[in-house]
file my_file_15.txt (compact mmCIF, C-alpha atoms)
# COMPACT_ATOMS: atom_id res chain seq x y z
CA MET O 717 78.13 98.78 91.05
CA GLY O 718 79.80 96.71 88.68
CA ASN O 719 82.82 98.08 86.98
CA THR O 720 86.05 96.65 87.96
CA GLY O 721 89.41 97.78 88.98
CA LYS O 722 91.34 100.48 90.65
CA SER O 723 89.62 103.41 89.02
CA VAL O 724 86.49 102.60 91.00
CA LEU O 725 88.45 102.54 94.20
CA MET O 726 90.06 105.91 93.50
CA VAL O 727 86.71 107.54 92.91
CA ASN O 728 85.41 106.12 96.15
CA ILE O 729 88.23 107.40 98.25
CA SER O 730 88.36 110.85 96.71
CA GLY O 731 84.79 111.36 97.92
CA MET O 732 85.90 111.29 101.51
CA GLU O 733 86.33 114.75 102.88
CA GLU O 734 85.64 116.72 105.96
CA ASN O 735 82.52 118.80 105.94
CA LYS O 736 81.13 120.09 109.19
CA GLU O 737 77.66 120.57 107.72
CA HIS O 738 76.95 116.89 107.69
CA LYS O 739 76.92 114.89 110.83
CA SER O 740 78.10 111.31 110.76
CA GLN O 741 75.08 109.06 111.15
CA ALA O 742 76.73 105.72 111.66
CA ILE O 743 80.06 104.11 112.40
CA ILE O 744 81.17 101.55 109.84
CA GLU O 745 84.01 99.53 111.26
CA VAL O 746 86.03 97.10 109.18
CA ILE O 747 87.20 94.47 111.64
CA ASP O 748 90.58 93.03 110.63
CA PHE O 749 90.06 89.50 109.33
CA GLY O 750 86.45 89.79 110.46
CA PRO O 751 83.09 91.29 109.59
CA LEU O 752 81.85 94.79 108.95
CA LYS O 753 80.38 96.23 112.13
CA ILE O 754 77.75 98.90 111.62
CA THR O 755 76.27 100.95 114.44
CA GLY O 756 74.09 104.02 114.44
CA ASN O 757 71.36 105.41 112.22
CA PHE O 758 71.02 103.30 109.09
CA ILE O 759 68.69 101.35 106.86
CA LEU O 760 69.95 98.02 105.60
CA LYS O 761 68.47 96.52 102.46
CA ASP O 762 69.23 93.02 101.35
CA LEU O 763 68.35 93.07 97.67
CA LYS O 764 68.60 89.31 97.14
CA ARG O 765 66.32 88.34 99.99
CA ASP O 766 64.10 91.35 99.64
CA THR O 767 64.40 92.24 103.29
CA LYS O 768 64.91 95.49 105.08
CA ASP O 769 66.39 96.07 108.48
CA SER O 770 66.95 99.08 110.57
CA GLN O 771 68.64 98.19 113.74
CA GLY O 772 71.13 99.84 115.97
CA GLU O 773 73.86 97.37 115.21
CA VAL O 774 74.63 94.71 112.61
CA TRP O 775 77.63 92.60 111.70
CA LEU O 776 77.95 91.83 108.00
CA CYS O 777 80.04 89.02 106.56
CA ARG O 778 83.16 90.06 104.62
CA CYS O 779 84.79 86.68 104.12
CA GLY O 780 82.13 85.16 101.87
CA LYS O 781 81.77 82.03 103.98
CA SER O 782 78.89 82.84 106.30
CA GLY O 783 75.98 80.42 106.31
CA ASN O 784 73.72 83.31 107.29
CA LYS O 785 74.56 85.93 104.68
CA PRO O 786 74.66 88.85 104.68
CA TYR O 787 75.26 88.53 108.40
CA CYS O 788 78.42 87.27 110.01
CA ASP O 789 78.19 83.85 111.67
CA GLU O 790 81.86 83.72 112.62
CA SER O 791 82.70 81.32 109.79
CA HIS O 792 85.81 83.44 109.17
CA LYS O 793 87.31 81.99 112.31
CA ARG O 794 87.01 78.45 111.08
CA MET R 1036 70.07 119.13 117.67
CA ASP R 1037 71.31 122.69 117.93
CA ARG R 1038 72.27 123.77 114.48
CA GLU R 1039 71.05 127.28 114.81
CA ASP R 1040 72.14 130.67 113.76
CA LYS R 1041 73.18 129.58 110.30
CA LYS R 1042 73.57 132.31 107.75
CA PHE R 1043 71.20 131.77 104.92
CA SER R 1044 69.69 133.62 102.00
CA GLY R 1045 69.79 137.20 103.19
CA GLY R 1046 69.35 136.23 106.79
CA ARG R 1047 69.61 133.36 109.15
CA ARG R 1048 67.82 130.14 109.81
CA TYR R 1049 67.07 128.34 113.02
CA ARG R 1050 65.80 124.84 113.47
CA ASN R 1051 64.55 122.26 115.88
CA ASN R 1052 63.81 118.65 115.08
CA GLU R 1053 60.65 119.50 113.17
CA ILE R 1054 60.81 122.92 111.58
CA THR R 1055 63.18 125.55 110.26
CA VAL R 1056 62.50 129.24 110.88
CA TYR R 1057 63.98 131.76 108.45
CA TRP R 1058 64.76 135.26 109.53
CA LYS R 1059 65.28 138.03 107.02
CA PRO R 1060 66.27 141.12 109.03
CA SER R 1061 65.99 143.51 106.09
CA ALA R 1062 62.25 142.78 105.95
CA CYS R 1063 61.56 143.40 109.64
CA VAL R 1064 59.39 146.43 110.44
CA HIS R 1065 59.53 145.81 114.20
CA ALA R 1066 55.87 145.05 114.56
CA SER R 1067 57.11 143.04 117.55
CA TYR R 1068 54.46 140.33 117.53
CA CYS R 1069 57.14 137.71 117.81
CA TYR R 1070 58.71 138.76 121.08
CA ARG R 1071 55.51 140.00 122.64
CA GLU R 1072 53.95 136.62 122.09
CA LEU R 1073 56.91 134.38 122.68
CA ILE R 1074 59.91 136.01 124.33
CA GLU R 1075 61.17 132.54 125.28
CA VAL R 1076 61.96 131.93 121.62
CA PHE R 1077 62.25 135.39 120.10
CA ASP R 1078 64.37 137.56 122.36
CA PRO R 1079 65.98 140.54 120.61
CA GLY R 1080 68.28 141.04 123.57
CA ARG R 1081 69.88 137.62 123.24
CA ARG R 1082 72.36 136.16 120.77
CA PRO R 1083 71.34 134.20 118.89
CA TRP R 1084 68.04 135.96 119.29
CA VAL R 1085 65.98 132.92 118.30
CA ASP R 1086 66.04 129.93 120.62
CA MET R 1087 64.19 127.04 119.01
CA ASN R 1088 64.24 125.10 122.26
CA GLY R 1089 62.28 127.84 124.03
CA SER R 1090 58.82 126.51 123.19
CA THR R 1091 56.88 123.89 121.31
CA THR R 1092 56.88 123.59 117.55
CA ALA R 1093 53.16 124.33 117.42
CA LYS R 1094 53.58 127.56 119.37
CA ILE R 1095 56.55 128.68 117.29
CA ILE R 1096 54.57 128.12 114.10
CA GLU R 1097 51.64 130.06 115.53
CA VAL R 1098 53.82 133.04 116.37
CA VAL R 1099 55.82 133.01 113.15
CA ASN R 1100 52.50 133.11 111.31
CA LEU R 1101 51.74 136.40 113.08
CA CYS R 1102 54.65 138.22 111.48
CA PRO R 1103 53.20 140.78 109.08
CA THR R 1104 56.21 140.75 106.80
CA GLU R 1105 58.45 138.13 105.34
CA ALA R 1106 60.98 138.70 108.11
CA LEU R 1107 59.93 135.43 109.71
CA ALA R 1108 58.91 132.37 107.76
CA TRP R 1109 58.98 128.67 108.48
CA LYS R 1110 58.90 125.24 106.92
CA TRP R 1111 58.77 121.61 107.97
CA ASN R 1112 62.13 119.87 107.88
CA ASP R 1113 60.37 116.90 106.33
CA ASP R 1114 59.95 118.13 102.77
CA GLU R 1115 57.02 115.86 102.09
CA LYS R 1116 54.95 117.79 104.60
CA ASN R 1117 55.66 121.15 102.97
CA GLY R 1118 53.69 120.38 99.83
CA SER R 1119 50.40 119.91 101.66
CA VAL R 1120 50.53 122.95 103.96
CA GLY R 1121 47.30 124.95 103.80
CA SER R 1122 47.03 128.67 103.13
CA ASP R 1123 45.97 129.27 106.74
CA GLN R 1124 49.65 128.86 107.48
CA LEU R 1125 50.33 132.43 106.42
CA ASN R 1126 54.05 132.48 106.89
CA HIS R 1127 54.94 129.07 105.62
CA ILE R 1128 57.67 129.64 103.03
CA LYS R 1129 55.32 128.37 100.33
CA PHE R 1130 53.28 131.55 100.72
CA ARG R 1131 55.71 133.99 102.27
CA ARG R 1132 59.00 133.15 100.63
CA PRO R 1133 58.31 130.79 97.74
CA GLU R 1134 61.84 131.33 96.47
CA LEU R 1135 62.99 129.10 99.32
CA MET R 1136 60.70 126.21 98.46
CA ASN R 1137 63.04 124.42 96.13
CA THR R 1138 66.31 125.27 97.74
CA ASN R 1139 68.07 122.23 98.94
CA ASP R 1140 69.07 123.48 102.34
CA SER R 1141 67.35 120.64 104.09
CA VAL R 1142 68.43 119.54 107.51
CA PRO R 1143 72.12 118.81 107.44
CA GLU R 1144 71.78 115.25 106.33
CA GLU R 1145 70.38 113.54 109.34
CA HIS R 1146 69.19 110.85 106.96
CA PRO R 1147 70.05 107.31 107.91
CA VAL R 1148 72.96 105.76 106.10
CA SER R 1149 71.71 103.61 103.24
CA ILE R 1150 73.28 100.17 103.26
CA LYS R 1151 72.50 97.90 100.35
CA VAL R 1152 73.59 94.31 100.16
CA MET R 1153 73.93 93.77 96.41
CA VAL R 1154 72.91 90.45 94.91
CA ASP R 1155 76.09 88.33 94.68
CA GLY R 1156 78.05 91.54 95.12
CA PRO R 1157 79.36 94.05 97.62
CA ILE R 1158 77.85 96.10 100.42
CA VAL R 1159 77.12 99.58 99.12
CA LEU R 1160 77.12 102.35 101.72
CA LYS R 1161 75.70 105.76 100.98
CA GLY R 1162 75.38 108.82 103.17
CA ASN R 1163 77.33 110.45 105.96
CA PHE R 1164 79.22 108.06 108.15
CA THR R 1165 82.47 107.33 109.87
CA LEU R 1166 84.53 104.59 108.27
CA VAL R 1167 87.08 102.85 110.45
CA TYR R 1168 89.55 100.54 108.73
CA ASN R 1169 93.22 99.55 109.01
CA GLY R 1170 93.51 101.80 112.04
CA ASN R 1171 92.26 104.83 110.07
CA LYS R 1172 89.15 106.84 110.74
CA LYS R 1173 87.58 108.66 107.81
CA GLU R 1174 84.54 110.91 107.74
CA VAL R 1175 82.68 110.00 104.59
CA GLN R 1176 80.34 112.75 103.42
CA LYS R 1177 77.57 112.38 100.92
CA SER R 1178 79.34 109.70 99.01
CA ILE R 1179 79.15 106.07 98.10
CA ILE R 1180 81.60 103.33 98.87
CA SER R 1181 81.41 99.60 98.34
CA ILE R 1182 82.82 97.02 100.68
CA CYS R 1183 83.87 93.55 99.50
CA ARG R 1184 81.58 90.76 100.64
CA CYS R 1185 83.07 87.82 98.75
CA GLY R 1186 86.47 87.93 100.44
CA ALA R 1187 88.38 87.91 97.16
CA SER R 1188 89.04 91.59 96.51
CA ASP R 1189 92.66 92.62 96.05
CA HIS R 1190 91.82 96.03 97.46
CA GLN R 1191 90.34 95.13 100.82
CA PRO R 1192 88.17 96.26 102.37
CA PHE R 1193 86.80 97.75 99.15
CA CYS R 1194 85.14 95.92 96.28
CA ASP R 1195 87.21 95.59 93.11
CA GLY R 1196 84.83 93.45 91.11
CA GLN R 1197 86.42 90.08 91.96
CA HIS R 1198 83.03 88.70 93.00
CA ARG R 1199 82.20 88.29 89.35
CA LYS R 1200 85.40 86.48 88.50
CA ILE R 1201 85.00 83.99 91.31
CA GLY R 1202 81.27 83.56 90.76
CA PHE R 1203 80.36 84.67 94.26
CA ASN R 1204 76.94 83.52 95.32
CA GLY R 1205 75.67 85.13 98.46

call {"tool": "encode", "arguments": {"input": "my_file_15.txt", "output": "structure tokens"}}
result
Amino acid sequence: MGNTGKSVLMVNISGMEENKEHKSQAIIEVIDFGPLKITGNFILKDLKRDTKDSQGEVWLCRCGKSGNKPYCDESHKR
Amino acid sequence: MDREDKKFSGGRRYRNNEITVYWKPSACVHASYCYRELIEVFDPGRRPWVDMNGSTTAKIIEVVNLCPTEALAWKWNDDEKNGSVGSDQLNHIKFRRPELMNTNDSVPEEHPVSIKVMVDGPIVLKGNFTLVYNGNKKEVQKSIISICRCGASDHQPFCDGQHRKIGFNG
């Protein structure tokens, strides 16, 4: 990751397309004004803390304020 | 996981959770070992004629190995296991149809979604998943997206690099 700007975003979105060959493995839900909810088949790696998780469901902070990053601790509500 | 009867490489392929069986009709000489031994799986009177749920993986492998031609061959879905298969497994693709060994027709991406929390940066998602945002639902296939984690992106929910400008630490 790293580069900046809109060009990165465009590339990301153009990669989204329907293809019946590949079954969706997880649901990634962006909660409005809240965290990222992830459910399903996934492996979560936290590169800073050198930890690895594979759970059925996690909530990841999107507001930058959580005291328990990368997880949501509901700081966005405060 | 019924993803059977897929056309592939001069024939069809059938799979269960563990193995894929390839069928190449042009090579069949009707020796009939397959349906005499295991009609539950190999039934020429049925469509599709191979039912991978009809028996155990071990039994299917045993019977596929009886086929005297390359009409039936098999492989593990887990590619790491294919390298170490011994030559007693007569009809493993390594011996019977080596041309299939390096084809990337692996199981239709049942791999878990890779989610990386980047140091002081975004969440990077890779794989096949359903993305729900702003009331939209998108099927994301074999691609990578990054989601803002610092809260400062101007292109929410996606990362636009703002974490660097604001010195995000998290």

call {"tool": "residues_near_point", "arguments": {"input": "my_file_15.txt", "point": "(83.0, 96.3, 112.2)", "cutoff": "10 Å", "atoms": "all atoms listed in the file", "output": "list in words"}}
result
Ile743, Ile744, Glu745, Val746, Ile747, Asp748, Gly750, Pro751, Leu752, Lys753, Ile754, Thr755, Glu773, Val774, Trp775, Leu776, Cys777 and Arg778 of chain O; Leu1166, Val1167 and Tyr1168 of chain R

call {"tool": "interface_residues", "arguments": {"input": "my_file_15.txt", "of": "chain R", "to": "chain O", "cutoff": "7 Å", "atoms": "all atoms listed in the file", "output": "PyMOL selection string"}}
result
chain R and resi 1143-1145+1147-1154+1163-1168+1174-1176+1178-1180+1183-1186+1195-1196+1205

call {"tool": "write_last_selection", "arguments": {"input": "my_file_15.txt", "atoms": "C-alpha atoms", "output": "CSV table (one decimal), in the frame of the given file"}}
result
chain,number,residue,atom,x,y,z
R,1143,PRO,CA,72.1,118.8,107.4
R,1144,GLU,CA,71.8,115.2,106.3
R,1145,GLU,CA,70.4,113.5,109.3
R,1147,PRO,CA,70.0,107.3,107.9
R,1148,VAL,CA,73.0,105.8,106.1
R,1149,SER,CA,71.7,103.6,103.2
R,1150,ILE,CA,73.3,100.2,103.3
R,1151,LYS,CA,72.5,97.9,100.4
R,1152,VAL,CA,73.6,94.3,100.2
R,1153,MET,CA,73.9,93.8,96.4
R,1154,VAL,CA,72.9,90.4,94.9
R,1163,ASN,CA,77.3,110.4,106.0
R,1164,PHE,CA,79.2,108.1,108.2
R,1165,THR,CA,82.5,107.3,109.9
R,1166,LEU,CA,84.5,104.6,108.3
R,1167,VAL,CA,87.1,102.8,110.4
R,1168,TYR,CA,89.6,100.5,108.7
R,1174,GLU,CA,84.5,110.9,107.7
R,1175,VAL,CA,82.7,110.0,104.6
R,1176,GLN,CA,80.3,112.8,103.4
R,1178,SER,CA,79.3,109.7,99.0
R,1179,ILE,CA,79.2,106.1,98.1
R,1180,ILE,CA,81.6,103.3,98.9
R,1183,CYS,CA,83.9,93.6,99.5
R,1184,ARG,CA,81.6,90.8,100.6
R,1185,CYS,CA,83.1,87.8,98.8
R,1186,GLY,CA,86.5,87.9,100.4
R,1195,ASP,CA,87.2,95.6,93.1
R,1196,GLY,CA,84.8,93.4,91.1
R,1205,GLY,CA,75.7,85.1,98.5

call {"tool": "residues_near_point", "arguments": {"input": "my_file_15.txt", "point": "(53.0, 129.5, 124.0)", "cutoff": "10 Å", "atoms": "all atoms listed in the file", "output": "PyMOL selection string"}}
result
chain R and resi 1072-1076+1089-1095+1097-1098

call {"tool": "write_last_selection", "arguments": {"input": "my_file_15.txt", "atoms": "C-alpha atoms", "output": "short mmCIF file (atom, residue, chain, number, x, y, z; two decimals), keeping the file's coordinate frame"}}
result
data_model
loop_
_atom_site.label_atom_id
_atom_site.label_comp_id
_atom_site.auth_asym_id
_atom_site.auth_seq_id
_atom_site.Cartn_x
_atom_site.Cartn_y
_atom_site.Cartn_z
CA GLU R 1072 53.95 136.62 122.09
CA LEU R 1073 56.91 134.38 122.68
CA ILE R 1074 59.91 136.01 124.33
CA GLU R 1075 61.17 132.54 125.28
CA VAL R 1076 61.96 131.93 121.62
CA GLY R 1089 62.28 127.84 124.03
CA SER R 1090 58.82 126.51 123.19
CA THR R 1091 56.88 123.89 121.31
CA THR R 1092 56.88 123.59 117.55
CA ALA R 1093 53.16 124.33 117.42
CA LYS R 1094 53.58 127.56 119.37
CA ILE R 1095 56.55 128.68 117.29
CA GLU R 1097 51.64 130.06 115.53
CA VAL R 1098 53.82 133.04 116.37
#

call {"tool": "atom_distance", "arguments": {"input": "my_file_15.txt", "atom1": "atom CA of Gln1197 of chain R", "atom2": "atom CA of Gly1162 of chain R"}}
result
24.5 Å

call {"tool": "atom_distance", "arguments": {"input": "my_file_15.txt", "atom1": "atom CA of Ala1066 of chain R", "atom2": "atom CA of Asn1051 of chain R"}}
result
24.4 Å
